[in-house]
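One structure below.
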Amino acid sequence: MPDPCVPVVLLRIDPNPFHHGTLGAARSLGRCGAEVHVAAGEEGGDGGPVARSRFVTRTHRAPRPGASLDEVAAVLRRVAAQVARPAVLIPMDDAGAIAVGRLRESLAGPFLLPEQPAHLAEHVADKARLPELCRSLGIGHPDTVQPRDEHHAATAARELGLPAVAKWSRPWLLPPGSGLRSTTLINSPEEASDLYRRGHATGSELLLQKYVAAGPGSDWFVHGYADRHGTLHGGGAGTKQHAWPRGAGLTAVGRWDPAPDLHAMVGRVVDALGYRGIFDIDFRVDATTGTPCLLDFNPRPGAQFRLFADGGGLDVVRAQYLDLTHRPVPAARALHGRAFVVENYAPFSAIRALAARRGTPPPEFAWHAQDDPAPARAMAAAWSRHAAHRLLRRARPAAAGAPGTSPDRPAVPAAAVRTTTAERKASC
């Protein structure tokens, strides 16, 4: 059980109001009595639907996307002053994890953090570094080219074969509203050239990667928390059943499955790096060769981490909280076969899961929770406005700007509902 005397601060620099991972972290720790602060949203600390959760004590203004280290440090100092006692700090996105890693020494007073080298989070998140890491450890990785210019991008796409995967080495540097996604599938050399031209000044390098043949159950992710001794806690291995967007998107439906070989592989990576903290590592098993290829190393909780809430309620954020407050982390009680569904990205899967939720183990929903219904209602209203806005922009291409530009994310008024520590404990 977390110590309710030690608060937690969830940091998210990405202004996405539909980040269900932040809600999952607030619920996980709030249900066990921890005072949860959420620093997310550009406008007045608006945390979107997450701010409606009864487990969120207070929301705070987050650093703006692209903020300098000095700006991030100033925001976190202000949050620390408002919290008024040492708190566990958990970044929920890559930009936050990298900034906190760099600022670790100056943040060590007001915040409790895992002990690891200052630039390690940035090192593992940089997709341009992964090929060499995988080669050094004998782990599979798709053939990858870093184009020098537009012409080289087109040539590389042809040589790798189409479709190919286009990634940005440091996606947290992509400007909001640019329409550039961290990962996309490209179907022509011209698309590769266009991507290079649109993003080459962002500070993030374009990577072109051979498309790994996929089969049923080929997309895997492994989550965990590496404690001060490098022991792994609180996670598991899961398969991506559905993605949003299709082909190269986040997990809309996932399932917890046993994968001892992947666990062993992740253990080697964590040991080799000396990594400490929460991680989310993505794999794709090549349907032709059966080789697992490491695709991404994310130095923070994956948005679907609540899939791995085990039979005792342990997950990666709770494992970090317990470890950093010097409390024992219980042994895992795996719930293989458990499903995770993001309702706004997979509505039909959500309906089927609701109809079958009496099964064992019961599914985990990203938004819906009987003890915390307000975020799901706020998400549904905001998602409807979001979808309507997208349809309107498609219907009026002249007003939509450049092709592929993403619509602005809708803001949801913050109305954080507070609960007392006693109420939160009662819900455990």
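Identifiers for the structure tokens are assigned positionally: chains receive A, B, ... in sequence, residues are indexed from 1 per chain, and ligands are indexed from 1 in the order shown.
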
Expected answer as an MDAnalysis selection string: alpha helix (DSSP H) residues in range 183-423 of chain A: chainID A and resid 189:199 260:273 316:324 347:355 374:395 397:400 421:423

Neighbour list for Asn298 in chain A as a ChimeraX atom specification, cut-off 9 Å, only C-alpha atoms, skip fewer than 3 positions in-chain: /A:93-94,121,124-125,278-282,301-302

Spatial neighbours of range 107-113 of chain A, 8 Å, only C-alpha atoms, chain gap at least 2 places, as a PyMOL selection string: chain A and resi 73+77+80+85-89+100+103-105+115+324

Would you write out those residues with N, CA and C atoms, as a short mmCIF file (atom, residue, chain, number, x, y, z; two decimals), in the first residue's frame?
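Listing of part-v3.cif after writing:
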data_model
loop_
_atom_site.label_atom_id
_atom_site.label_comp_id
_atom_site.auth_asym_id
_atom_site.auth_seq_id
_atom_site.Cartn_x
_atom_site.Cartn_y
_atom_site.Cartn_z
N ALA A 73 12.03 23.40 -15.51
CA ALA A 73 12.48 23.49 -14.11
C ALA A 73 11.66 24.51 -13.33
N ARG A 77 9.40 23.66 -10.10
CA ARG A 77 9.64 24.33 -8.81
C ARG A 77 8.35 24.95 -8.28
N ALA A 80 6.20 22.13 -6.98
CA ALA A 80 6.76 21.65 -5.71
C ALA A 80 6.39 22.59 -4.56
N ARG A 85 5.70 19.53 0.01
CA ARG A 85 6.47 18.46 0.64
C ARG A 85 6.99 17.54 -0.45
N PRO A 86 8.05 16.77 -0.19
CA PRO A 86 8.62 15.92 -1.23
C PRO A 86 7.57 14.99 -1.83
N ALA A 87 7.61 14.86 -3.17
CA ALA A 87 6.63 14.06 -3.89
C ALA A 87 7.31 13.16 -4.90
N VAL A 88 6.72 12.02 -5.18
CA VAL A 88 7.17 11.15 -6.25
C VAL A 88 6.77 11.81 -7.57
N LEU A 89 7.73 11.98 -8.48
CA LEU A 89 7.48 12.62 -9.77
C LEU A 89 7.51 11.55 -10.86
N VAL A 100 13.08 15.63 -17.16
CA VAL A 100 13.31 15.25 -15.76
C VAL A 100 14.65 14.55 -15.61
N LEU A 103 17.32 17.14 -15.59
CA LEU A 103 17.23 18.03 -14.42
C LEU A 103 17.32 17.27 -13.11
N ARG A 104 17.63 15.98 -13.18
CA ARG A 104 17.51 15.14 -12.00
C ARG A 104 18.22 15.70 -10.77
N GLU A 105 19.43 16.18 -10.96
CA GLU A 105 20.21 16.67 -9.82
C GLU A 105 19.52 17.84 -9.12
N GLU A 115 17.26 6.53 -9.53
CA GLU A 115 18.65 6.93 -9.72
C GLU A 115 19.19 6.32 -11.00
N LEU A 324 10.24 4.00 -4.32
CA LEU A 324 10.83 5.29 -3.98
C LEU A 324 10.45 5.77 -2.58
#

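Here CA of Pro91 in chain A is placed at a distance of 9.0 Å from CA of Pro299 in chain A.
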
Sel. of strand (DSSP E or B) residues, range 225-352 of chain A, as a ChimeraX atom specification: /A:225-226,232-244,250-256,277-285,292-298,339-341

Distance criterion (only C-alpha atoms): nearest to Cys32 in chain A out of A:Ala67, A:Leu322, A:Ala395, A:Val50: A:Leu322

Pick from A:Gly140, A:Pro373, A:Pro363, A:Gly267, whichever lies nearest to Gly290 in chain A using only C-alpha atoms: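 For Gly290 in chain A, the nearest of the given residues is A:Gly140.
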
Selection near Leu11 in chain A, 8 Å with only C-alpha atoms, sequence-local residues under 4 positions removed, as a list in words: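 The contact residues come out as Val38, Ala39, Ala40, Ala62, Leu89, Ile90, Pro91, Met92, Asp93 and Gly96 of chain A.
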
For CA of Gln304 in chain A and CA of Glu71 in chain A, the interatomic separation in Å (one decimal):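 Separation between CA of Gln304 in chain A and CA of Glu71 in chain A: 28.8 Å.
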
Contacts of range 164-178 of chain A within 9 Å, only C-alpha atoms, excl. fewer than 4 positions in-chain, as a short mmCIF file (atom, residue, chain, number, x, y, z; two decimals) with all heavy atoms, in the first residue's frame:
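Produced file result_39.cif, reproduced below:
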data_model
loop_
_atom_site.label_atom_id
_atom_site.label_comp_id
_atom_site.auth_asym_id
_atom_site.auth_seq_id
_atom_site.Cartn_x
_atom_site.Cartn_y
_atom_site.Cartn_z
N ASP A 14 2.98 16.91 -23.33
CA ASP A 14 2.11 16.77 -24.49
C ASP A 14 0.70 17.25 -24.10
O ASP A 14 0.12 16.74 -23.14
CB ASP A 14 2.07 15.30 -24.91
CG ASP A 14 1.09 15.02 -26.06
OD1 ASP A 14 0.54 15.98 -26.62
OD2 ASP A 14 0.91 13.84 -26.37
N PRO A 15 0.12 18.22 -24.84
CA PRO A 15 -1.18 18.77 -24.43
C PRO A 15 -2.38 17.90 -24.76
O PRO A 15 -3.51 18.32 -24.56
CB PRO A 15 -1.24 20.10 -25.21
CG PRO A 15 -0.42 19.86 -26.43
CD PRO A 15 0.69 18.94 -26.00
N PRO A 65 4.59 22.72 -24.84
CA PRO A 65 5.34 21.84 -25.74
C PRO A 65 6.55 22.58 -26.32
O PRO A 65 6.45 23.74 -26.73
CB PRO A 65 4.33 21.52 -26.84
CG PRO A 65 3.00 21.70 -26.19
CD PRO A 65 3.17 22.83 -25.22
N GLY A 66 7.70 21.92 -26.30
CA GLY A 66 8.92 22.56 -26.78
C GLY A 66 9.59 23.46 -25.76
O GLY A 66 10.55 24.17 -26.09
N ASP A 93 5.14 11.29 -20.49
CA ASP A 93 5.47 11.31 -21.92
C ASP A 93 6.98 11.43 -22.07
O ASP A 93 7.71 11.68 -21.10
CB ASP A 93 4.73 12.43 -22.65
CG ASP A 93 5.01 13.82 -22.10
OD1 ASP A 93 5.94 13.97 -21.28
OD2 ASP A 93 4.31 14.77 -22.50
N ASP A 94 7.46 11.24 -23.31
CA ASP A 94 8.90 11.26 -23.55
C ASP A 94 9.52 12.61 -23.23
O ASP A 94 10.61 12.68 -22.65
CB ASP A 94 9.20 10.89 -25.00
CG ASP A 94 8.97 9.42 -25.31
OD1 ASP A 94 8.88 8.62 -24.35
OD2 ASP A 94 8.88 9.07 -26.49
N ALA A 95 8.86 13.69 -23.64
CA ALA A 95 9.41 15.03 -23.40
C ALA A 95 9.60 15.27 -21.91
O ALA A 95 10.64 15.79 -21.48
CB ALA A 95 8.49 16.09 -24.00
N GLU A 122 16.97 10.13 -22.53
CA GLU A 122 17.08 10.68 -23.88
C GLU A 122 17.78 9.69 -24.81
O GLU A 122 17.40 9.55 -25.98
CB GLU A 122 17.85 11.99 -23.83
CG GLU A 122 17.95 12.70 -25.16
CD GLU A 122 18.57 14.08 -25.03
OE1 GLU A 122 19.08 14.42 -23.95
OE2 GLU A 122 18.55 14.80 -26.04
N ALA A 125 15.29 6.86 -25.73
CA ALA A 125 14.12 7.33 -26.49
C ALA A 125 14.48 7.74 -27.91
O ALA A 125 13.61 7.78 -28.78
CB ALA A 125 13.46 8.50 -25.77
N ASP A 126 15.76 8.06 -28.15
CA ASP A 126 16.20 8.48 -29.48
C ASP A 126 16.25 7.25 -30.40
O ASP A 126 17.11 6.38 -30.25
CB ASP A 126 17.58 9.13 -29.39
CG ASP A 126 18.02 9.78 -30.69
OD1 ASP A 126 17.48 9.38 -31.76
OD2 ASP A 126 18.88 10.66 -30.66
N LYS A 127 15.33 7.20 -31.35
CA LYS A 127 15.21 6.01 -32.20
C LYS A 127 16.42 5.81 -33.12
O LYS A 127 16.63 4.72 -33.63
CB LYS A 127 13.92 6.09 -33.00
CG LYS A 127 12.67 6.03 -32.13
CD LYS A 127 11.42 6.31 -32.92
CE LYS A 127 10.15 6.11 -32.10
NZ LYS A 127 10.13 6.86 -30.83
N ALA A 128 17.20 6.87 -33.33
CA ALA A 128 18.39 6.73 -34.16
C ALA A 128 19.47 5.92 -33.46
O ALA A 128 20.38 5.39 -34.10
CB ALA A 128 18.94 8.11 -34.52
N ARG A 129 19.39 5.80 -32.14
CA ARG A 129 20.40 5.05 -31.37
C ARG A 129 20.05 3.57 -31.22
O ARG A 129 20.90 2.76 -30.85
CB ARG A 129 20.58 5.67 -29.98
CG ARG A 129 21.16 7.08 -30.00
CD ARG A 129 21.20 7.64 -28.58
NE ARG A 129 21.82 8.94 -28.53
CZ ARG A 129 23.09 9.19 -28.24
NH1 ARG A 129 23.90 8.15 -28.00
NH2 ARG A 129 23.57 10.41 -28.18
N ALA A 157 13.83 4.66 -49.63
CA ALA A 157 12.50 4.05 -49.60
C ALA A 157 12.40 2.95 -50.66
O ALA A 157 11.85 1.87 -50.41
CB ALA A 157 11.44 5.11 -49.81
N ARG A 158 12.94 3.22 -51.85
CA ARG A 158 12.92 2.21 -52.91
C ARG A 158 13.72 0.97 -52.51
O ARG A 158 13.30 -0.17 -52.72
CB ARG A 158 13.50 2.78 -54.20
CG ARG A 158 12.65 3.87 -54.86
CD ARG A 158 13.20 4.20 -56.25
NE ARG A 158 12.58 5.39 -56.79
CZ ARG A 158 13.10 6.61 -56.68
NH1 ARG A 158 14.26 6.79 -56.05
NH2 ARG A 158 12.47 7.65 -57.21
N LEU A 160 14.62 -0.08 -49.47
CA LEU A 160 14.06 -0.82 -48.34
C LEU A 160 12.85 -1.63 -48.74
O LEU A 160 12.54 -2.66 -48.15
CB LEU A 160 13.68 0.16 -47.21
CG LEU A 160 14.83 0.78 -46.43
CD1 LEU A 160 14.32 1.92 -45.56
CD2 LEU A 160 15.54 -0.26 -45.56
N SER A 182 4.76 10.59 -35.11
CA SER A 182 6.03 9.96 -34.73
C SER A 182 6.35 8.78 -35.63
O SER A 182 7.50 8.54 -35.95
CB SER A 182 6.00 9.54 -33.26
OG SER A 182 4.99 8.58 -33.05
N THR A 183 5.32 8.04 -36.07
CA THR A 183 5.52 6.87 -36.92
C THR A 183 4.42 6.83 -37.97
O THR A 183 3.24 6.99 -37.64
CB THR A 183 5.48 5.57 -36.10
OG1 THR A 183 6.47 5.63 -35.07
CG2 THR A 183 5.75 4.36 -36.98
N THR A 184 4.80 6.62 -39.23
CA THR A 184 3.81 6.51 -40.30
C THR A 184 4.28 5.46 -41.31
O THR A 184 5.47 5.16 -41.41
CB THR A 184 3.62 7.84 -41.06
OG1 THR A 184 4.89 8.31 -41.53
CG2 THR A 184 2.99 8.90 -40.18
N LEU A 185 3.34 4.91 -42.05
CA LEU A 185 3.65 4.03 -43.17
C LEU A 185 3.68 4.86 -44.43
O LEU A 185 2.78 5.67 -44.68
CB LEU A 185 2.60 2.93 -43.30
CG LEU A 185 2.67 1.75 -42.32
CD1 LEU A 185 1.48 0.83 -42.54
CD2 LEU A 185 3.97 0.98 -42.47
N ILE A 186 4.72 4.67 -45.26
CA ILE A 186 4.79 5.39 -46.53
C ILE A 186 4.72 4.38 -47.67
O ILE A 186 5.21 3.25 -47.54
CB ILE A 186 6.07 6.25 -46.64
CG1 ILE A 186 7.33 5.38 -46.48
CG2 ILE A 186 6.06 7.37 -45.61
CD1 ILE A 186 8.60 6.13 -46.80
N ASN A 187 4.11 4.80 -48.77
CA ASN A 187 3.86 3.89 -49.88
C ASN A 187 4.54 4.30 -51.17
O ASN A 187 4.33 3.65 -52.20
CB ASN A 187 2.35 3.76 -50.10
CG ASN A 187 1.66 3.09 -48.94
OD1 ASN A 187 1.81 1.90 -48.72
ND2 ASN A 187 0.90 3.87 -48.16
N SER A 188 5.33 5.37 -51.13
CA SER A 188 6.01 5.80 -52.35
C SER A 188 7.28 6.56 -51.99
O SER A 188 7.38 7.15 -50.90
CB SER A 188 5.10 6.70 -53.18
OG SER A 188 4.93 7.96 -52.55
N ALA A 192 8.34 9.76 -48.96
CA ALA A 192 9.56 9.84 -48.16
C ALA A 192 10.23 11.20 -48.35
O ALA A 192 10.67 11.83 -47.37
CB ALA A 192 10.52 8.71 -48.53
N LEU A 195 8.17 13.92 -46.55
CA LEU A 195 8.36 13.89 -45.10
C LEU A 195 9.69 14.53 -44.72
O LEU A 195 9.77 15.30 -43.75
CB LEU A 195 8.31 12.46 -44.58
CG LEU A 195 6.93 11.90 -44.20
CD1 LEU A 195 7.07 10.46 -43.75
CD2 LEU A 195 6.28 12.74 -43.12
N ARG A 198 9.40 18.31 -45.00
CA ARG A 198 8.53 18.94 -44.00
C ARG A 198 9.15 18.93 -42.61
O ARG A 198 8.84 19.80 -41.79
CB ARG A 198 7.19 18.22 -43.96
CG ARG A 198 6.33 18.44 -45.21
CD ARG A 198 5.14 17.50 -45.22
NE ARG A 198 4.32 17.64 -44.03
CZ ARG A 198 3.45 16.72 -43.61
NH1 ARG A 198 3.34 15.57 -44.27
NH2 ARG A 198 2.73 16.93 -42.53
N GLY A 199 10.01 17.96 -42.32
CA GLY A 199 10.46 17.83 -40.93
C GLY A 199 11.93 18.04 -40.68
O GLY A 199 12.38 17.96 -39.55
N THR A 202 13.09 20.41 -37.84
CA THR A 202 12.46 20.30 -36.52
C THR A 202 13.45 19.93 -35.42
O THR A 202 13.12 20.01 -34.24
CB THR A 202 11.35 19.24 -36.55
OG1 THR A 202 11.93 17.96 -36.84
CG2 THR A 202 10.29 19.58 -37.57
N GLY A 203 14.64 19.47 -35.80
CA GLY A 203 15.59 18.97 -34.81
C GLY A 203 15.49 17.48 -34.59
O GLY A 203 16.25 16.90 -33.82
N SER A 204 14.53 16.85 -35.26
CA SER A 204 14.35 15.40 -35.18
C SER A 204 14.67 14.82 -36.55
O SER A 204 14.13 15.27 -37.57
CB SER A 204 12.91 15.06 -34.79
OG SER A 204 12.75 13.67 -34.64
N GLU A 205 15.55 13.84 -36.61
CA GLU A 205 15.98 13.26 -37.88
C GLU A 205 14.96 12.23 -38.38
O GLU A 205 14.40 11.46 -37.60
CB GLU A 205 17.34 12.57 -37.72
CG GLU A 205 18.45 13.49 -37.23
CD GLU A 205 18.79 14.58 -38.24
OE1 GLU A 205 18.54 14.37 -39.44
OE2 GLU A 205 19.29 15.63 -37.81
N LEU A 206 14.74 12.22 -39.68
CA LEU A 206 13.87 11.22 -40.29
C LEU A 206 14.61 9.90 -40.41
O LEU A 206 15.76 9.85 -40.84
CB LEU A 206 13.42 11.69 -41.68
CG LEU A 206 12.52 10.70 -42.46
CD1 LEU A 206 11.19 10.50 -41.75
CD2 LEU A 206 12.31 11.18 -43.89
N LEU A 207 13.94 8.83 -40.02
CA LEU A 207 14.47 7.47 -40.17
C LEU A 207 13.51 6.69 -41.05
O LEU A 207 12.29 6.75 -40.87
CB LEU A 207 14.58 6.77 -38.82
CG LEU A 207 15.39 7.48 -37.73
CD1 LEU A 207 15.29 6.71 -36.42
CD2 LEU A 207 16.84 7.62 -38.15
N LEU A 208 14.06 5.96 -42.00
CA LEU A 208 13.26 5.06 -42.83
C LEU A 208 13.64 3.64 -42.47
O LEU A 208 14.81 3.29 -42.37
CB LEU A 208 13.51 5.34 -44.31
CG LEU A 208 13.10 6.74 -44.79
CD1 LEU A 208 13.45 6.92 -46.26
CD2 LEU A 208 11.61 6.97 -44.56
N GLN A 209 12.62 2.82 -42.27
CA GLN A 209 12.83 1.50 -41.72
C GLN A 209 12.13 0.45 -42.58
O GLN A 209 11.01 0.68 -43.07
CB GLN A 209 12.28 1.47 -40.29
CG GLN A 209 12.81 0.41 -39.39
CD GLN A 209 12.37 0.70 -37.96
OE1 GLN A 209 11.25 0.40 -37.57
NE2 GLN A 209 13.24 1.32 -37.17
N LYS A 210 12.78 -0.67 -42.75
CA LYS A 210 12.17 -1.77 -43.49
C LYS A 210 10.92 -2.23 -42.76
O LYS A 210 10.93 -2.41 -41.54
CB LYS A 210 13.15 -2.93 -43.64
CG LYS A 210 12.62 -4.08 -44.49
CD LYS A 210 13.68 -5.16 -44.63
CE LYS A 210 13.17 -6.33 -45.47
NZ LYS A 210 12.83 -5.92 -46.84
N TYR A 211 9.86 -2.40 -43.49
CA TYR A 211 8.61 -2.87 -42.90
C TYR A 211 8.73 -4.35 -42.54
O TYR A 211 9.05 -5.18 -43.40
CB TYR A 211 7.46 -2.65 -43.87
CG TYR A 211 6.11 -3.09 -43.34
CD1 TYR A 211 5.44 -2.32 -42.40
CD2 TYR A 211 5.52 -4.27 -43.78
CE1 TYR A 211 4.20 -2.71 -41.92
CE2 TYR A 211 4.28 -4.67 -43.30
CZ TYR A 211 3.63 -3.89 -42.37
OH TYR A 211 2.41 -4.29 -41.88
N VAL A 212 8.54 -4.66 -41.29
CA VAL A 212 8.65 -6.05 -40.83
C VAL A 212 7.32 -6.74 -41.06
O VAL A 212 6.26 -6.26 -40.61
CB VAL A 212 9.01 -6.09 -39.32
CG1 VAL A 212 9.05 -7.54 -38.83
CG2 VAL A 212 10.35 -5.41 -39.09
N ALA A 248 0.30 1.62 -37.68
CA ALA A 248 1.46 2.21 -37.00
C ALA A 248 0.99 3.14 -35.89
O ALA A 248 1.49 4.25 -35.74
CB ALA A 248 2.33 2.96 -38.00
N GLY A 404 -3.02 16.84 -44.42
CA GLY A 404 -2.40 16.05 -43.36
C GLY A 404 -2.27 16.78 -42.06
O GLY A 404 -1.85 16.22 -41.06
N THR A 405 -2.64 18.08 -42.02
CA THR A 405 -2.53 18.81 -40.77
C THR A 405 -3.59 18.31 -39.80
O THR A 405 -4.76 18.20 -40.15
CB THR A 405 -2.72 20.32 -40.99
OG1 THR A 405 -1.71 20.75 -41.88
CG2 THR A 405 -2.63 21.09 -39.70
N SER A 406 -3.19 18.02 -38.58
CA SER A 406 -4.13 17.52 -37.60
C SER A 406 -4.95 18.66 -37.03
O SER A 406 -4.45 19.76 -36.84
CB SER A 406 -3.37 16.83 -36.44
OG SER A 406 -2.66 15.73 -36.93
N PRO A 407 -6.23 18.45 -36.75
CA PRO A 407 -7.04 19.49 -36.14
C PRO A 407 -6.57 19.78 -34.74
O PRO A 407 -5.98 18.94 -34.07
CB PRO A 407 -8.45 18.87 -36.13
CG PRO A 407 -8.22 17.39 -36.15
CD PRO A 407 -6.96 17.19 -36.94
N ASP A 408 -6.87 20.97 -34.27
CA ASP A 408 -6.51 21.32 -32.91
C ASP A 408 -7.25 20.42 -31.95
O ASP A 408 -8.42 20.08 -32.15
CB ASP A 408 -6.89 22.78 -32.60
CG ASP A 408 -6.08 23.73 -33.45
OD1 ASP A 408 -4.96 23.36 -33.87
OD2 ASP A 408 -6.57 24.84 -33.69
#

Distance in Å - CA of Leu295 in chain A versus CA of Pro114 in chain A: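 So the two atoms, CA of Leu295 in chain A and CA of Pro114 in chain A, lie 24.3 Å apart.
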
Residue nearest Leu232 in chain A - candidates A:Pro347, A:Pro330, A:Pro361, A:Gly311, atoms counted: only C-alpha atoms: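 Among A:Pro347, A:Pro330, A:Pro361, A:Gly311, it is A:Pro330 that comes nearest to Leu232 in chain A.
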
Nearest candidate to Pro147 in chain A (options A:Glu191, A:His119, A:Tyr196, A:Arg284; using only C-alpha atoms):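 Ranked by minimum distance to Pro147 in chain A, first place goes to A:Tyr196.
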
Shell of 12 Å around range 343-346 of chain A, only C-alpha atoms, local chain residues under 4 positions omitted, as JSON, numbers by chain: {"A": [18, 19, 20, 241, 242, 243, 244, 245, 246, 249, 250, 251, 252, 253, 254, 350, 351, 352, 353, 354, 363, 364, 365, 366, 367, 368, 369, 376, 377, 378, 379, 380, 381, 382, 383, 384, 386, 387]}

Exercise: His141 in chain A partners within 7 Å, only C-alpha atoms, chain neighbours under 4 positions left out, as a list of chain:residue names: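 Once the nearby chain positions are removed, what remains is A:Pro131, A:Cys134, A:Cys293, A:Leu294, A:Leu295.
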